[in-house]
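> File name run_8.cif; file contents mmCIF, C-alpha atoms and all ligand atoms; full text below.
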```cif
data_upload
loop_
_atom_site.label_atom_id
_atom_site.label_comp_id
_atom_site.auth_asym_id
_atom_site.auth_seq_id
_atom_site.Cartn_x
_atom_site.Cartn_y
_atom_site.Cartn_z
CA MET A 309 -21.28 70.49 -17.35
CA SER A 310 -21.19 68.16 -14.37
CA HIS A 311 -19.16 68.77 -11.26
CA ASP A 312 -17.10 65.64 -12.04
CA LYS A 313 -16.24 66.91 -15.53
CA GLU A 314 -15.17 70.29 -14.16
CA MET A 315 -13.01 68.59 -11.57
CA PHE A 316 -11.43 66.34 -14.23
CA ASP A 317 -10.67 69.32 -16.49
CA GLU A 318 -9.08 71.07 -13.54
CA LEU A 319 -6.93 68.04 -12.72
CA GLU A 320 -5.93 67.57 -16.35
CA GLY A 321 -4.98 71.26 -16.53
CA LEU A 322 -2.80 70.83 -13.47
CA ALA A 323 -1.16 67.74 -14.94
CA LEU A 324 -0.42 69.59 -18.20
CA GLU A 325 0.95 72.58 -16.33
CA GLN A 326 3.24 70.23 -14.39
CA ALA A 327 4.27 68.43 -17.58
CA GLN A 328 5.15 71.73 -19.30
CA LYS A 329 7.67 72.43 -16.55
CA MET A 330 9.43 69.12 -17.18
CA TYR A 331 9.03 68.36 -20.88
CA SER A 332 9.54 70.19 -24.16
CA ALA A 333 6.54 71.20 -26.28
CA THR A 334 7.61 68.52 -28.79
CA VAL A 335 7.49 65.77 -26.14
CA ILE A 336 4.05 66.89 -25.00
CA ASP A 337 2.81 67.08 -28.59
CA HIS A 338 3.96 63.51 -29.39
CA PHE A 339 2.46 62.28 -26.13
CA GLN A 340 -0.89 63.96 -26.76
CA ASN A 341 -0.98 63.23 -30.51
CA PRO A 342 1.00 60.04 -31.07
CA ARG A 343 2.00 59.44 -34.71
CA ASN A 344 1.94 56.00 -36.31
CA TYR A 345 0.24 54.29 -33.36
CA GLY A 346 -0.82 50.71 -33.93
CA GLU A 347 0.35 47.30 -35.10
CA LEU A 348 0.95 46.67 -38.82
CA PRO A 349 -0.63 43.30 -39.60
CA ASP A 350 1.47 42.88 -42.78
CA ALA A 351 4.77 44.16 -41.38
CA ASP A 352 8.05 42.82 -42.81
CA CYS A 353 9.46 42.72 -39.28
CA TYR A 354 8.51 43.60 -35.74
CA THR A 355 9.61 43.07 -32.19
CA TYR A 356 8.67 43.89 -28.61
CA MET A 357 11.14 44.90 -25.90
CA SER A 358 10.76 45.78 -22.23
CA GLY A 359 12.85 48.34 -20.39
CA ILE A 360 14.33 48.34 -16.91
CA CYS A 361 11.12 49.95 -15.63
CA GLY A 362 8.86 47.21 -17.05
CA ASP A 363 7.44 49.32 -19.88
CA THR A 364 7.15 47.52 -23.20
CA ILE A 365 7.33 48.93 -26.74
CA GLY A 366 6.45 47.06 -29.93
CA ILE A 367 7.63 48.39 -33.30
CA TYR A 368 6.38 47.18 -36.67
CA VAL A 369 8.14 48.00 -39.94
CA GLY A 370 7.01 47.64 -43.54
CA LEU A 371 9.63 48.06 -46.28
CA THR A 372 9.28 49.53 -49.75
CA ASP A 373 12.33 49.21 -52.02
CA GLY A 374 14.69 48.89 -49.05
CA ARG A 375 13.28 51.89 -47.24
CA ILE A 376 10.91 52.12 -44.30
CA GLY A 377 7.60 52.82 -46.01
CA ARG A 378 5.31 52.06 -43.09
CA ILE A 379 6.02 51.97 -39.38
CA GLY A 380 3.85 51.56 -36.32
CA PHE A 381 4.30 51.27 -32.59
CA VAL A 382 2.38 50.12 -29.54
CA THR A 383 3.29 50.56 -25.89
CA ASN A 384 1.92 50.16 -22.41
CA GLY A 385 4.41 52.78 -21.21
CA CYS A 386 4.32 56.23 -19.70
CA GLY A 387 3.95 59.57 -21.51
CA PRO A 388 7.66 59.95 -22.35
CA THR A 389 7.69 56.37 -23.69
CA ILE A 390 4.76 57.19 -25.97
CA ALA A 391 6.48 60.41 -27.07
CA CYS A 392 9.79 58.63 -27.74
CA SER A 393 8.12 55.85 -29.72
CA SER A 394 6.02 58.27 -31.75
CA ALA A 395 8.96 60.58 -32.51
CA LEU A 396 11.16 57.62 -33.45
CA THR A 397 8.63 56.41 -36.01
CA CYS A 398 8.68 59.90 -37.56
CA LEU A 399 12.49 59.94 -37.62
CA ALA A 400 12.75 56.45 -39.12
CA ASN A 401 10.01 56.71 -41.73
CA GLY A 402 11.54 56.92 -45.21
CA LEU A 403 15.06 55.91 -44.12
CA THR A 404 16.94 52.95 -45.56
CA VAL A 405 17.34 49.99 -43.22
CA ALA A 406 21.03 50.88 -42.75
CA GLU A 407 20.19 54.50 -41.92
CA ALA A 408 17.48 53.45 -39.45
CA ARG A 409 19.85 50.97 -37.80
CA SER A 410 22.27 53.81 -37.08
CA LEU A 411 19.73 56.08 -35.36
CA SER A 412 20.82 56.86 -31.80
CA SER A 413 19.09 57.80 -28.57
CA ALA A 414 20.93 61.14 -28.73
CA GLN A 415 19.39 61.89 -32.15
CA LEU A 416 15.94 60.97 -30.84
CA ILE A 417 16.37 63.15 -27.75
CA ALA A 418 17.56 66.06 -29.92
CA TYR A 419 14.50 65.58 -32.19
CA LEU A 420 12.32 65.81 -29.07
CA ASP A 421 14.10 69.02 -27.99
CA GLY A 422 15.44 67.24 -24.93
CA LEU A 423 14.26 64.81 -22.26
CA PRO A 424 14.76 64.84 -18.48
CA LEU A 425 17.62 62.57 -17.41
CA GLU A 426 15.23 60.17 -15.71
CA ASN A 427 13.49 59.55 -19.04
CA THR A 428 16.49 58.99 -21.29
CA HIS A 429 15.99 55.23 -20.88
CA CYS A 430 12.62 55.66 -22.66
CA ALA A 431 14.56 56.88 -25.72
CA ASP A 432 17.03 53.99 -25.35
CA LEU A 433 14.15 51.51 -25.24
CA ALA A 434 12.50 52.97 -28.35
CA VAL A 435 15.76 52.96 -30.34
CA ASN A 436 16.70 49.44 -29.20
CA THR A 437 13.24 48.15 -30.10
CA LEU A 438 13.55 49.54 -33.64
CA LYS A 439 17.02 47.97 -33.94
CA GLY A 440 15.62 44.67 -32.65
CA ALA A 441 12.87 44.72 -35.27
CA LEU A 442 15.33 45.59 -38.07
CA ALA A 443 17.69 42.83 -36.91
CA LYS A 444 15.08 40.35 -38.12
CA ILE A 445 15.60 41.50 -41.72
CA GLU A 446 18.31 39.64 -43.67
FE1 LIG B 501 10.48 53.24 -18.63
FE2 LIG B 501 9.53 55.16 -20.10
S1 LIG B 501 9.49 55.05 -17.91
S2 LIG B 501 10.44 53.32 -20.79
#
```
Take the structure I supplied and represent it as structure tokens, if you would.

Amino acid sequence: MSHDKEMFDELEGLALEQAQKMYSATVIDHFQNPRNYGELPDADCYTYMSGICGDTIGIYVGLTDGRIGRIGFVTNGCGPTIACSSALTCLANGLTVAEARSLSSAQLIAYLDGLPLENTHCADLAVNTLKGALAKIE
């Protein structure tokens, strides 16, 4: 093992230790293992939105019999943005369009077992992006 690799592992360990003080295990899990990452080339609808911080989320939705059968996201955002987007795709998958349209930031934050106040706008951005994508469906 090289000195650089050891140093990187040490830094990563520190970052994780820091993150564990601020974020729930669910947030860290979705950040480290994002679900449904990627564009859907044959999506029925999609949209991109940017938040007040400049982060952008794209959400792609594929419908099967009026329900969300496939869903994907992309983002250039921070860890909490990745976690919010990933968790939202899990929450929305299988819902009807009407049910998915009524998802709220509070539901997403509860699903993530909480978010620090300074990151609640990441949840707002994810939810608004999904609503923006679904608004393109008649
Ligand atoms: Fe802005 Fe996450 S920091 S969306």
> Please give me, as a list of chain:residue names, the residues lying within 10 Å of ligand LIG 501 (chain B) when counting all atoms listed in the file.
A:Met357, A:Ser358, A:Gly359, A:Ile360, A:Cys361, A:Gly362, A:Asp363, A:Thr364, A:Ile365, A:Thr383, A:Asn384, A:Gly385, A:Cys386, A:Gly387, A:Pro388, A:Thr389, A:Ile390, A:Ala391, A:Cys392, A:Ser393, A:Glu426, A:Asn427, A:Thr428, A:His429, A:Cys430, A:Ala431, A:Asp432, A:Leu433, A:Ala434
> Find, counting only C-alpha atoms, the residue in A:Ala441, A:Leu423, A:Ala418, A:Val369 that gets nearest to Leu403 of chain A.
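With only C-alpha atoms as the atom set, the closest residue is A:Val369.
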> For Leu396 of chain A, which residue out of A:Pro424, A:Gly321, A:Pro342, A:Gly374 is the nearest one, using all atoms listed in the file?
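Closest to Leu396 of chain A of all the choices is A:Pro342.
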> Please give the centre and size of the box around segment 360-366 of chain A (axis-aligned, containing every atom listed in the file, 6 Å added per side), with values in Å to one decimal and written as AutoDock Vina command-line options.

```
--center_x 10.4 --center_y 48.5 --center_z -22.8 --size_x 19.9 --size_y 14.9 --size_z 26.3
```
> Choose the residue, out of A:Gln415, A:Thr437, A:Gln328, A:Asn341, that has the smallest atom-to-atom separation from Tyr354 of chain A; count only C-alpha atoms.
A:Thr437
> Find the residue from A:Leu416, A:Ile336, A:Ala327, A:Val405 that sits nearest to Ile376 of chain A; use all atoms listed in the file when measuring.
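For Ile376 of chain A, the nearest of the candidates is A:Val405.
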> Go through A:Val435, A:Met330, A:Leu348, A:Ala323 one by one, measure the shortest atom-to-atom distance of each to Ser413 of chain A using only C-alpha atoms, and give the residue with the smallest value.
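So, comparing all the options, the nearest one is A:Val435.
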> Please, what distance in Å, to one decimal, runs between atom CA of Asp352 of chain A and atom CA of His338 of chain A?
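For atom CA of Asp352 of chain A relative to atom CA of His338 of chain A, the distance reads 25.0 Å.
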> So, with all atoms listed in the file as the atoms that count, which of A:Val382, A:Ile417, A:Ala443, A:Leu371 lies closest to Gly402 of chain A?
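Using all atoms listed in the file, Gly402 of chain A sits closest to A:Leu371.
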> What's the separation between atom CA of Asp350 of chain A and atom CA of Leu411 of chain A, in Å to one decimal place?
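Between these atoms lies a distance of 23.7 Å.
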> As an exercise, work out the distance from atom CA of Lys444 of chain A to atom CA of Ile367 of chain A in Å and give it to one decimal place.
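Taking atom CA of Lys444 of chain A as the start and atom CA of Ile367 of chain A as the end point, the length is 12.0 Å.
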> Could you add whatever atoms are missing so that segment 319-334 of chain A carries N, CA and C atoms, then write the result as a PDB file, keeping the file's coordinate frame?

```
ATOM      1  N   LEU A 319      -8.052  68.939 -12.991  1.00  0.00           N
ATOM      2  CA  LEU A 319      -6.930  68.040 -12.720  1.00  0.00           C
ATOM      3  C   LEU A 319      -6.054  67.882 -13.951  1.00  0.00           C
ATOM      4  N   GLU A 320      -6.689  67.735 -15.120  1.00  0.00           N
ATOM      5  CA  GLU A 320      -5.930  67.570 -16.350  1.00  0.00           C
ATOM      6  C   GLU A 320      -5.101  68.823 -16.619  1.00  0.00           C
ATOM      7  N   GLY A 321      -5.689  69.999 -16.362  1.00  0.00           N
ATOM      8  CA  GLY A 321      -4.980  71.260 -16.530  1.00  0.00           C
ATOM      9  C   GLY A 321      -3.761  71.306 -15.636  1.00  0.00           C
ATOM     10  N   LEU A 322      -3.926  70.850 -14.405  1.00  0.00           N
ATOM     11  CA  LEU A 322      -2.800  70.830 -13.470  1.00  0.00           C
ATOM     12  C   LEU A 322      -1.713  69.899 -13.973  1.00  0.00           C
ATOM     13  N   ALA A 323      -2.130  68.714 -14.472  1.00  0.00           N
ATOM     14  CA  ALA A 323      -1.160  67.740 -14.940  1.00  0.00           C
ATOM     15  C   ALA A 323      -0.380  68.323 -16.118  1.00  0.00           C
ATOM     16  N   LEU A 324      -1.072  69.012 -17.024  1.00  0.00           N
ATOM     17  CA  LEU A 324      -0.420  69.590 -18.200  1.00  0.00           C
ATOM     18  C   LEU A 324       0.554  70.688 -17.776  1.00  0.00           C
ATOM     19  N   GLU A 325       0.095  71.486 -16.814  1.00  0.00           N
ATOM     20  CA  GLU A 325       0.950  72.580 -16.330  1.00  0.00           C
ATOM     21  C   GLU A 325       2.243  72.004 -15.736  1.00  0.00           C
ATOM     22  N   GLN A 326       2.085  70.916 -14.990  1.00  0.00           N
ATOM     23  CA  GLN A 326       3.240  70.230 -14.390  1.00  0.00           C
ATOM     24  C   GLN A 326       4.146  69.682 -15.498  1.00  0.00           C
ATOM     25  N   ALA A 327       3.510  69.046 -16.487  1.00  0.00           N
ATOM     26  CA  ALA A 327       4.270  68.430 -17.580  1.00  0.00           C
ATOM     27  C   ALA A 327       5.067  69.487 -18.344  1.00  0.00           C
ATOM     28  N   GLN A 328       4.474  70.670 -18.532  1.00  0.00           N
ATOM     29  CA  GLN A 328       5.150  71.730 -19.300  1.00  0.00           C
ATOM     30  C   GLN A 328       6.403  72.231 -18.597  1.00  0.00           C
ATOM     31  N   LYS A 329       6.460  72.026 -17.273  1.00  0.00           N
ATOM     32  CA  LYS A 329       7.670  72.430 -16.550  1.00  0.00           C
ATOM     33  C   LYS A 329       8.795  71.422 -16.777  1.00  0.00           C
ATOM     34  N   MET A 330       8.433  70.186 -17.068  1.00  0.00           N
ATOM     35  CA  MET A 330       9.430  69.120 -17.180  1.00  0.00           C
ATOM     36  C   MET A 330       9.802  68.756 -18.607  1.00  0.00           C
ATOM     37  N   TYR A 331       8.818  68.890 -19.523  1.00  0.00           N
ATOM     38  CA  TYR A 331       9.030  68.360 -20.880  1.00  0.00           C
ATOM     39  C   TYR A 331       8.906  69.452 -21.928  1.00  0.00           C
ATOM     40  N   SER A 332       9.604  69.245 -23.054  1.00  0.00           N
ATOM     41  CA  SER A 332       9.540  70.190 -24.160  1.00  0.00           C
ATOM     42  C   SER A 332       8.145  70.132 -24.808  1.00  0.00           C
ATOM     43  N   ALA A 333       7.822  71.179 -25.571  1.00  0.00           N
ATOM     44  CA  ALA A 333       6.540  71.200 -26.280  1.00  0.00           C
ATOM     45  C   ALA A 333       6.459  70.038 -27.266  1.00  0.00           C
ATOM     46  N   THR A 334       7.601  69.635 -27.828  1.00  0.00           N
ATOM     47  CA  THR A 334       7.610  68.520 -28.790  1.00  0.00           C
ATOM     48  C   THR A 334       7.261  67.205 -28.096  1.00  0.00           C
TER      49      THR A 334
END
```
